[in-house]
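The file entry.cif comes next; it holds mmCIF, C-alpha atoms.
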data_model
#
loop_
_atom_site.label_atom_id
_atom_site.label_comp_id
_atom_site.auth_asym_id
_atom_site.auth_seq_id
_atom_site.Cartn_x
_atom_site.Cartn_y
_atom_site.Cartn_z
CA MET X 1 40.64 -24.81 24.18
CA LYS X 2 44.21 -23.53 24.53
CA LYS X 3 44.95 -19.88 23.73
CA GLU X 4 47.21 -20.74 20.81
CA TYR X 5 44.30 -22.64 19.21
CA ARG X 6 42.02 -19.57 19.14
CA VAL X 7 41.53 -16.73 16.69
CA LYS X 8 41.17 -13.84 19.10
CA LYS X 9 41.96 -10.49 17.50
CA GLU X 10 39.37 -8.61 15.48
CA ALA X 11 41.83 -8.17 12.59
CA GLU X 12 42.38 -11.94 12.43
CA PHE X 13 38.62 -12.57 12.44
CA GLN X 14 38.17 -10.06 9.62
CA ARG X 15 40.99 -11.60 7.55
CA VAL X 16 39.42 -15.06 7.76
CA PHE X 17 35.94 -13.64 7.14
CA HIS X 18 36.87 -11.52 4.11
CA GLN X 19 39.71 -13.49 2.51
CA GLY X 20 38.72 -17.04 3.44
CA ASN X 21 36.47 -19.47 1.62
CA SER X 22 33.11 -20.41 3.11
CA VAL X 23 30.84 -23.43 3.17
CA ALA X 24 27.62 -23.89 5.10
CA ASN X 25 24.82 -26.19 6.08
CA ARG X 26 21.62 -25.46 8.00
CA GLN X 27 23.33 -25.25 11.40
CA LEU X 28 26.82 -23.83 10.76
CA ILE X 29 28.80 -21.55 8.48
CA LEU X 30 32.52 -22.31 8.18
CA TYR X 31 35.07 -19.80 6.89
CA VAL X 32 38.54 -21.21 6.15
CA TYR X 33 41.76 -19.23 5.61
CA SER X 34 44.91 -21.11 4.65
CA LYS X 35 48.12 -20.26 6.54
CA PRO X 36 50.99 -22.44 5.22
CA GLY X 37 53.67 -23.25 7.78
CA GLN X 38 51.40 -22.92 10.81
CA ASP X 39 51.98 -25.60 13.46
CA HIS X 40 48.34 -26.10 14.43
CA PHE X 41 44.91 -24.88 13.42
CA ARG X 42 43.24 -21.91 15.07
CA VAL X 43 39.50 -21.48 15.46
CA GLY X 44 37.10 -18.65 16.21
CA LEU X 45 33.54 -19.25 17.38
CA SER X 46 30.62 -16.92 16.87
CA VAL X 47 27.17 -17.44 18.36
CA GLY X 48 24.95 -14.41 17.86
CA LYS X 49 22.22 -13.03 20.08
CA LYS X 50 19.53 -14.12 17.62
CA LEU X 51 20.06 -17.69 18.83
CA GLY X 52 18.56 -16.99 22.23
CA ASN X 53 19.52 -15.96 25.71
CA ALA X 54 22.98 -16.35 27.23
CA VAL X 55 22.21 -19.83 28.57
CA HIS X 56 21.39 -21.17 25.09
CA ARG X 57 24.33 -19.39 23.42
CA ASN X 58 26.78 -20.72 26.00
CA GLN X 59 25.42 -24.25 25.61
CA VAL X 60 25.96 -24.05 21.84
CA LYS X 61 29.52 -22.80 22.39
CA ARG X 62 30.22 -25.64 24.83
CA TYR X 63 28.95 -28.18 22.28
CA LEU X 64 31.11 -26.64 19.53
CA ARG X 65 34.22 -26.60 21.73
CA GLN X 66 33.71 -30.21 22.85
CA ALA X 67 33.21 -31.38 19.26
CA LEU X 68 36.40 -29.54 18.24
CA HIS X 69 38.26 -31.15 21.12
CA GLU X 70 37.16 -34.61 19.99
CA LEU X 71 38.06 -33.90 16.34
CA GLU X 72 41.28 -31.89 16.80
CA ASN X 73 43.62 -34.70 15.71
CA ASN X 74 41.77 -35.00 12.38
CA ILE X 75 41.76 -31.29 11.42
CA ARG X 76 44.39 -29.83 9.09
CA SER X 77 47.00 -27.78 10.94
CA ASP X 78 47.75 -25.07 8.34
CA ILE X 79 44.47 -23.14 8.63
CA ASP X 80 42.55 -20.58 10.59
CA PHE X 81 38.78 -21.06 10.56
CA LEU X 82 35.62 -19.51 11.94
CA LEU X 83 32.52 -21.42 12.97
CA ILE X 84 29.36 -19.33 12.97
CA ALA X 85 26.25 -20.88 14.48
CA ARG X 86 22.92 -20.45 12.70
CA LYS X 87 19.50 -20.33 14.33
CA ASP X 88 18.73 -23.94 13.29
CA ILE X 89 21.38 -25.20 15.74
CA ASN X 90 19.05 -24.41 18.67
CA ASP X 91 17.55 -27.45 20.39
CA LYS X 92 20.09 -29.83 18.81
CA SER X 93 21.83 -32.46 20.91
CA PHE X 94 25.61 -32.63 21.17
CA GLU X 95 25.75 -35.56 18.73
CA GLU X 96 23.72 -33.62 16.15
CA VAL X 97 25.98 -30.57 16.51
CA LYS X 98 29.08 -32.75 16.11
CA LYS X 99 27.62 -34.47 13.05
CA SER X 100 26.79 -31.09 11.53
CA MET X 101 30.34 -29.87 12.21
CA ILE X 102 31.86 -32.96 10.57
CA HIS X 103 29.61 -32.44 7.55
CA VAL X 104 30.61 -28.80 7.04
CA MET X 105 34.31 -29.61 7.59
CA LYS X 106 34.15 -32.39 4.99
CA LEU X 107 32.59 -29.93 2.54
CA ALA X 108 35.50 -27.54 3.16
CA GLY X 109 38.08 -30.34 2.91
CA ILE X 110 39.78 -29.56 6.22
CA ILE X 111 39.13 -32.84 7.99
CA ASN X 112 40.43 -36.33 7.26
CA PHE X 113 37.72 -38.14 9.15
CA ILE X 114 35.68 -41.06 7.90
CA GLU X 115 32.38 -41.81 9.58
#
Would you write out, as structure tokens, the structure that this file holds?
Amino acid sequence: MKKEYRVKKEAEFQRVFHQGNSVANRQLILYVYSKPGQDHFRVGLSVGKKLGNAVHRNQVKRYLRQALHELENNIRSDIDFLLIARKDINDKSFEEVKKSMIHVMKLAGIINFIE
């Protein structure tokens, strides 16, 4: 994922976390913060240590990044959002993670994707 597509600074994470709206399902929590006039969306990923060792956490992050890459043309451009993985995402296949991400994004209204 390109640098300009990432929420990197702690202050930006906190703004989205505290001022944004959230939706969730069993696998993911999504916080959305609207930024009118922004050219493209920005995303922050969080996978905590409760999910397992580094190998499992990195696999979850790879799945999330790949799903974002496949969906990037369908995501609204005027937002910053955070994706926080929950423990139930462990042992899910890539397709299940992607399906879960689409579900939570539809709940938040940030994706124009029909499946």
Original post:
Between CA of Leu64 (chain X) and CA of Val43 (chain X), what is the distance, to one decimal in Å?
Top reply: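 For CA of Leu64 (chain X) relative to CA of Val43 (chain X), the distance reads 10.7 Å.
Residue neighbourhood of Leu83 (chain X), excluding near-sequence residues (fewer than 5 positions): Ile29, Leu30 and Leu45 of chain X, at 6 Å, using all atoms listed in the file.
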Subject >> Among the residues X:Glu72, X:Lys50, X:Arg62, X:Gln14, the one that comes closest to Lys87 (chain X) [using all atoms listed in the file] >> reply: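 Of X:Glu72, X:Lys50, X:Arg62, X:Gln14, the one nearest Lys87 (chain X), counting all atoms listed in the file, is X:Lys50.
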Original post:
Taking into account all atoms listed in the file, which residue in the set X:Val7, X:Ile79, X:Leu51, X:Val23 is nearest to Gln38 (chain X)?
Top reply: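 Counting all atoms listed in the file, the residue closest to Gln38 (chain X) is X:Ile79.
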**OP:** Please provide as a list in words all residues within 9 Å of Ile75 (chain X), with the sequence filter that same-chain residues fewer than 6 positions apart are discarded (counting all atoms listed in the file).
**Re:**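 In the requested format, the answer is His40, Phe41, Leu68, Met105, Ile110, Ile111, Asn112 and Phe113 of chain X.
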Quick one: write out the picked residues with C-alpha atoms as a compact mmCIF listing (two decimals), in the coordinates of the input?
# COMPACT_ATOMS: atom_id res chain seq x y z
CA HIS X 40 48.34 -26.10 14.43
CA PHE X 41 44.91 -24.88 13.42
CA LEU X 68 36.40 -29.54 18.24
CA MET X 105 34.31 -29.61 7.59
CA ILE X 110 39.78 -29.56 6.22
CA ILE X 111 39.13 -32.84 7.99
CA ASN X 112 40.43 -36.33 7.26
CA PHE X 113 37.72 -38.14 9.15
**OP:** Run the PyMOL selection byres ((chain X and resi 35) around 12) on the file and write out the hits as a PyMOL selection string.
**Re:** chain X and resi 12+15-16+19-20+32-34+36-42+76-81
**OP:** Report the distance between CA of Leu71 (chain X) and CA of Lys99 (chain X) in Å, rounded to one decimal place.
**Re:**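 These two atoms are separated by 11.0 Å.
Proximity to Glu10 (chain X) was assessed for X:Ile89, X:Gly44, X:Ser22, X:Asn74 counting all atoms listed in the file; the smallest distance is recorded for X:Gly44.
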